[in-house]
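**Q** Dropping the structure in here first, questions after.
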Amino acid sequence: GDRGCLPPSLTEILFLFQVKLIALQDSVSSVPTMSTPQKVIHPRKVKYEKTLLNCLSSFKRMLVITVDNVGSKQMSETRHKLRGKAQILMGKNTVIRKILRREMKADPTLESLLNVIRGNIGFIFTNGDLIELRDTVSENRDPAPAKTGQIAPCDVYVEPGPTGLDPGQTAFFQALNIATKINRGAIEIIARVQMCTEGEKVSASAAGLLAKLNMKPFFFGIKVNYVFEGGSCYPAAVLDLTDDDIMKMFAGGLIQASCISLGLGYPSIASLPHLMSNAVRKVIAFSIETAYKLEIAQPFEDYLANPDAFKVVAGPSGGEEKKEEKKEEEEDDAIDFSDDDE
């Protein structure tokens, strides 16, 4: 009876705590957990992924194009021209990047292609000639009017001459500081005026004037920016390089390599001819300054001993040639053709 009135020991307290903890874990584990819903991928994205991967495996070359300000009709005409030669594939940049990042684990060369996925781009896959394909794609350019806020791709000028506008619109030209005059009931521009500058935004006044004059100064089409071939991505301007351009670039690089090698005193294949020529010159100089004679240095020693001898040798030969030419001319003049005429 006295034992029941005593407080529980530390061992009993720990035992009871463990029992309650186990019971609490069992109750928590018995509660059903809600599974996170799996994200559903749109069938269109799945189809696009299959098409892109199939093109990457079926075609050896690819052009990366920009289609800014290109209409659907223009794209349709280009697809018709390339039918049987190439395949055009457009898509969202986010989807393309996601696919390329996943495929980069198996093919690291796709990283160079991932770096150019910017802007309103697309792909043209082919196994044919890249230069011919680039020319076919770039030649389809349609005129377009100037729009406010648009980046001008070229300079735009309004030439002097009649505009066909009535004199009531003279205030519009005066607001733009354009000198005009009235000729035969119509406004005529006196001097040439620049309305747009390449690389700058088109102003509202310039766009309004060009629209009044019914001018479409810009030409937009598919622009080829990069080429992806053999796992490397390079600018499309490389396609315009000729064999002579490549040889000039190679020669320039070889000269720079030889200069660096000579400056550092580090022998290389590029600097070997220069090292040999410098060594020969030093050997000739050593032979001339010392009593040790070499056959290769003999012509230089003879020239230094008697420079006039070389001048005399070169002089008569040229004079004799001139004398022989004069004799031949005199003989030709002395020929008489009177017998032939008779």
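Chain labels follow the order of the structure tokens: the first chain is A, the next B, and so on; residue numbering restarts at 1 in every chain, and ligands are counted from 1 in their shown order.
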For Lys212 (chain A), find every residue with an atom within 10 Å (counting only C-alpha atoms), except residues of its own chain fewer than 5 positions away, and show them as a list in words.
**A**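 The residues satisfying every condition are Thr163, Gly164, Leu165, Ala206 and Ala207 of chain A.
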**Q** Can you pull out the residues contacting Ala270 (chain A)? Cut-off 9 Å, using only C-alpha atoms, and skip same-chain residues under 4 positions away; I want them as a PyMOL selection string.
**A** chain A and resi 254-255+257-259+261+274
**Q** Write out as a ChimeraX atom specification all residues of region 183-334 of chain A that DSSP puts in helix (DSSP H, G or I) for this structure's backbone.
**A** /A:204-212,236-240,243-264,272-289,295-305,307-334
**Q** Between CA of Lys201 (chain A) and CA of Gln150 (chain A), what is the spacing in Å?
**A**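 CA of Gln150 (chain A) sits 5.2 Å away from CA of Lys201 (chain A).
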**Q** Looking at only C-alpha atoms, which of A:Val224, A:Ile284, A:Arg184, A:Met247 is the one that sits closest to Glu301 (chain A)?
**A**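 Closest to Glu301 (chain A), using only C-alpha atoms: A:Ile284.
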